[in-house]
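Have a look at the structure below, then the notes.
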Amino acid sequence: MQSFDVVIAGGGMVGLALACGLQGSGLRVAVVESYPPAQSVYAGEEYALRVSAINAASERLLQHLGVWQQILGVRTSLIRE
């Protein structure tokens with residue numbers, strides 16, 4: 001049996017952002033997710049018509065975590081209306 005200091009329930013945007021934020025903290029972190037990891041999504045592949053809006057505060061957090069530039073490279077666009 002393994003033991004962890006933090007167990008995060010869910011590997012979605014929030015859970016993985018928390019896991020990234022705890023990286024390097026010295027805590028033993030586990031992410032528990034009921035679905036297998038999805039393959040990376042690249043332009044030209046099929047994808048679900050799901051939209052996520054990220055506000056300026058979340059953008060700053062993702063920049064601080066060092067993942068914002070990678071997110072920008074995968075199907076992002078401004079919401080105009």
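Simple scheme: letters A, B, ... for chains in structure tokens order, numbers from 1 for residues in each chain, numbers from 1 for ligands in the order shown.
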> Counting only C-alpha atoms, what is within 12 Å of Ser58 of chain A, bar same-chain residues fewer than 3 positions away, as a ChimeraX atom specification?
Replying inline: /A:13-14,17-18,52-55,61-65,67-68
>> For the structure I just gave you, how does DSSP split chain A - specifically, which residues are strand (DSSP E)? Reply as an MDAnalysis selection string.
In response: chainID A and resid 6:9 29:32
If you keep N, CA and C atoms, can you produce a file of those selected residues as an mmCIF file, in the first residue's frame?
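Full text of result11.cif as output:
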data_model
loop_
_atom_site.group_PDB
_atom_site.id
_atom_site.type_symbol
_atom_site.label_atom_id
_atom_site.label_comp_id
_atom_site.auth_asym_id
_atom_site.auth_seq_id
_atom_site.Cartn_x
_atom_site.Cartn_y
_atom_site.Cartn_z
ATOM 1 N N VAL A 6 -1.165 14.193 -0.379
ATOM 2 C CA VAL A 6 -2.306 14.820 -1.055
ATOM 3 C C VAL A 6 -2.824 13.845 -2.104
ATOM 4 N N VAL A 7 -4.131 13.599 -2.092
ATOM 5 C CA VAL A 7 -4.774 12.801 -3.130
ATOM 6 C C VAL A 7 -5.786 13.703 -3.813
ATOM 7 N N ILE A 8 -5.622 13.885 -5.120
ATOM 8 C CA ILE A 8 -6.489 14.762 -5.903
ATOM 9 C C ILE A 8 -7.489 13.889 -6.643
ATOM 10 N N ALA A 9 -8.771 14.121 -6.413
ATOM 11 C CA ALA A 9 -9.823 13.359 -7.063
ATOM 12 C C ALA A 9 -10.192 14.036 -8.372
ATOM 13 N N VAL A 29 2.151 13.319 -4.016
ATOM 14 C CA VAL A 29 0.863 13.666 -4.608
ATOM 15 C C VAL A 29 0.393 12.540 -5.531
ATOM 16 N N ALA A 30 -0.886 12.210 -5.439
ATOM 17 C CA ALA A 30 -1.506 11.236 -6.344
ATOM 18 C C ALA A 30 -2.726 11.884 -6.978
ATOM 19 N N VAL A 31 -2.928 11.608 -8.263
ATOM 20 C CA VAL A 31 -4.140 12.039 -8.963
ATOM 21 C C VAL A 31 -4.936 10.785 -9.267
ATOM 22 N N VAL A 32 -6.178 10.734 -8.807
ATOM 23 C CA VAL A 32 -7.050 9.583 -9.019
ATOM 24 C C VAL A 32 -8.075 9.969 -10.074
#
Based on DSSP run over this structure's backbone, return all residues of chain A in helix (DSSP H, G or I), as a short mmCIF file (atom, residue, chain, number, x, y, z; two decimals) with N, CA, C and O atoms, in the first residue's frame.
data_model
loop_
_atom_site.label_atom_id
_atom_site.label_comp_id
_atom_site.auth_asym_id
_atom_site.auth_seq_id
_atom_site.Cartn_x
_atom_site.Cartn_y
_atom_site.Cartn_z
N MET A 13 -8.94 19.73 -15.73
CA MET A 13 -8.14 20.97 -15.72
C MET A 13 -7.76 21.42 -14.32
O MET A 13 -6.61 21.76 -14.06
N VAL A 14 -8.71 21.39 -13.41
CA VAL A 14 -8.44 21.89 -12.06
C VAL A 14 -7.54 20.93 -11.29
O VAL A 14 -6.56 21.35 -10.67
N GLY A 15 -7.85 19.64 -11.35
CA GLY A 15 -7.04 18.67 -10.63
C GLY A 15 -5.60 18.63 -11.10
O GLY A 15 -4.66 18.59 -10.30
N LEU A 16 -5.40 18.68 -12.41
CA LEU A 16 -4.04 18.64 -12.94
C LEU A 16 -3.30 19.95 -12.68
O LEU A 16 -2.09 19.95 -12.46
N ALA A 17 -4.02 21.09 -12.68
CA ALA A 17 -3.38 22.36 -12.34
C ALA A 17 -2.90 22.32 -10.89
O ALA A 17 -1.79 22.76 -10.58
N LEU A 18 -3.72 21.76 -10.01
CA LEU A 18 -3.32 21.63 -8.61
C LEU A 18 -2.10 20.72 -8.48
O LEU A 18 -1.14 21.05 -7.78
N ALA A 19 -2.10 19.60 -9.19
CA ALA A 19 -0.96 18.68 -9.16
C ALA A 19 0.31 19.37 -9.65
O ALA A 19 1.38 19.24 -9.05
N CYS A 20 0.20 20.14 -10.73
CA CYS A 20 1.36 20.89 -11.24
C CYS A 20 1.84 21.91 -10.22
O CYS A 20 3.04 22.10 -10.03
N GLY A 21 0.89 22.57 -9.57
CA GLY A 21 1.24 23.57 -8.57
C GLY A 21 1.96 22.98 -7.36
O GLY A 21 2.78 23.63 -6.74
N LEU A 22 1.66 21.74 -7.04
CA LEU A 22 2.29 21.08 -5.89
C LEU A 22 3.63 20.44 -6.24
O LEU A 22 4.36 20.01 -5.34
N ALA A 56 -8.58 35.67 -17.10
CA ALA A 56 -7.22 36.22 -16.98
C ALA A 56 -6.48 35.68 -15.76
O ALA A 56 -5.28 35.41 -15.81
N ALA A 57 -7.19 35.48 -14.65
CA ALA A 57 -6.55 34.95 -13.44
C ALA A 57 -6.07 33.52 -13.67
O ALA A 57 -4.97 33.14 -13.26
N SER A 58 -6.90 32.72 -14.35
CA SER A 58 -6.50 31.34 -14.65
C SER A 58 -5.33 31.33 -15.63
O SER A 58 -4.42 30.49 -15.51
N GLU A 59 -5.33 32.25 -16.58
CA GLU A 59 -4.21 32.35 -17.51
C GLU A 59 -2.91 32.64 -16.76
O GLU A 59 -1.88 32.02 -17.02
N ARG A 60 -2.96 33.56 -15.81
CA ARG A 60 -1.76 33.87 -15.02
C ARG A 60 -1.29 32.66 -14.22
O ARG A 60 -0.10 32.39 -14.12
N LEU A 61 -2.23 31.91 -13.64
CA LEU A 61 -1.88 30.70 -12.90
C LEU A 61 -1.19 29.70 -13.83
O LEU A 61 -0.15 29.14 -13.50
N LEU A 62 -1.77 29.49 -15.01
CA LEU A 62 -1.19 28.54 -15.96
C LEU A 62 0.17 29.02 -16.47
O LEU A 62 1.06 28.20 -16.73
N GLN A 63 0.36 30.32 -16.58
CA GLN A 63 1.68 30.85 -16.93
C GLN A 63 2.68 30.56 -15.81
O GLN A 63 3.80 30.12 -16.06
N HIS A 64 2.25 30.77 -14.58
CA HIS A 64 3.11 30.50 -13.42
C HIS A 64 3.50 29.03 -13.35
O HIS A 64 4.62 28.68 -12.98
N TRP A 68 1.13 27.41 -19.95
CA TRP A 68 0.28 28.25 -20.80
C TRP A 68 0.69 28.20 -22.27
O TRP A 68 -0.16 28.10 -23.15
N GLN A 69 1.97 28.30 -22.55
CA GLN A 69 2.42 28.29 -23.95
C GLN A 69 2.04 26.99 -24.64
O GLN A 69 1.67 26.98 -25.81
N GLN A 70 2.12 25.89 -23.94
CA GLN A 70 1.74 24.60 -24.52
C GLN A 70 0.23 24.57 -24.79
O GLN A 70 -0.20 24.05 -25.81
N ILE A 71 -0.56 25.13 -23.90
CA ILE A 71 -2.01 25.18 -24.10
C ILE A 71 -2.35 26.03 -25.32
O ILE A 71 -3.21 25.67 -26.12
N LEU A 72 -1.65 27.15 -25.49
CA LEU A 72 -1.91 28.02 -26.65
C LEU A 72 -1.66 27.30 -27.97
O LEU A 72 -2.28 27.63 -28.97
#
> Of the residues A:Ile79, A:Ser3, A:Arg50, A:Gly66, which is the one nearest to Gln23 of chain A, using only C-alpha atoms?
Replying inline: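 Ranked by minimum distance to Gln23 of chain A, first place goes to A:Gly66.
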> In Å, how far is it from atom CA of Gln2 of chain A to atom CA of Gly24 of chain A?
Replying inline: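 Going from atom CA of Gln2 of chain A over to atom CA of Gly24 of chain A covers 19.2 Å.
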> Any idea what the distance is between atom CA of Gly26 of chain A and atom CA of Met1 of chain A?
Replying inline: 19.6 Å
